[in-house]
Amino acid sequence: MNTEKELIERCKKRNRAAQSELFEKYKNTLYFLSLKYCRNEADAEDNTQDAFITIFEKIKSYKGKGSFEGWMKRITIYKAIAKYKSKKTIAVAYKNDLLEDTTIEKEQIELPLESLLQIVQQLPDQYRLVFNLYQMDGFSHKEVANLLSISESTSKSNYHRAKQLLKNDILKLKNNPKKTNNGA
């Protein structure tokens, strides 16, 4: 087994065995990340494959500064956003939508990870992307706005609307485990 640095160097030389090893090492990590941004498993699989194609095409540009895994994750997120932007329609939450409390108590969200992921995947695209970028991956609203070509205030309102929809669906799922419906 090679060190990550050696593996990267071999991938830069387009060594198929090294590319296969890199893929096997990170496919699950990037697939799970894709699941957060994509509507379903098939889209997440496509996004993961597209991300690896870009990773292998651009690996020569990786200079070893910062986390290699972080570099790959950023490519994966950008791929999902690019697909979203290609069919983009942005809805804006109105300010009165933001008045509802979006706090969820811990005992309200004790659900299996698979159920929570499914609820997030059902969010409308614009809410799902903003929620994941801001809440899950730590981007600022300004960064989210730049990535999605929206205003910072739209990012904030879409984030709050996503939280409302998630809260409603979590509560519905807790009360009726067979059903969720957030209007997606």
# chains A, B, ... in the order shown; residues from 1 in each chain; ligands from 1
>>> residues_around(residues="stretch 156-159 of chain A", least_positions_apart="3", cutoff="6 Å", atoms="only C-alpha atoms", output="ChimeraX atom specification")
/A:93,127,130-131,153,162
>>> residues_around(residues="A:Trp71", least_positions_apart="6", cutoff="10 Å", atoms="only C-alpha atoms", output="count of residues only")
5
>>> atom_distance(atom1="atom CA of A:Thr3", atom2="atom CA of A:Leu33")
23.5 Å
>>> atom_distance(atom1="atom CA of A:Ser61", atom2="atom CA of A:Phe32")
24.6 Å
>>> closest_residue(among="A:Ala51, A:Leu113, A:Arg161, A:Lys58", to="A:Ile75", atoms="only C-alpha atoms")
A:Ala51
>>> residues_around(residues="A:Cys38", least_positions_apart="3", cutoff="8 Å", atoms="only C-alpha atoms", output="list of chain:residue names")
A:Ser34, A:Leu35, A:Glu41, A:Asp43, A:Ala44, A:Asn47, A:Ala80, A:Gln121
>>> closest_residue(among="A:Tyr37, A:Gly66, A:Lys142, A:Asn175", to="A:Leu129", atoms="only C-alpha atoms")
A:Tyr37
>>> closest_residue(among="A:Leu116, A:Leu30, A:Met136, A:Val144", to="A:Leu166", atoms="only C-alpha atoms")
A:Leu116
>>> atom_distance(atom1="atom CA of A:Tyr31", atom2="atom CA of A:Thr48")
5.5 Å
>>> closest_residue(among="A:Cys11, A:Leu133, A:Leu173, A:Ala82", to="A:Ser155", atoms="only C-alpha atoms")
A:Leu133
>>> closest_residue(among="A:Gln126, A:Arg74, A:Glu152, A:Ile170", to="A:Gly138", atoms="only C-alpha atoms")
A:Arg74
>>> closest_residue(among="A:Val120, A:Pro112, A:Phe23, A:Arg10", to="A:Asn168", atoms="only C-alpha atoms")
A:Val120
>>> select_by_dssp(residues="chain A", states="helix (DSSP H, G or I)", output="ChimeraX atom specification")
/A:4-12,16-37,41-61,68-86,95-99,106-108,113-121,125-136,141-148,152-175
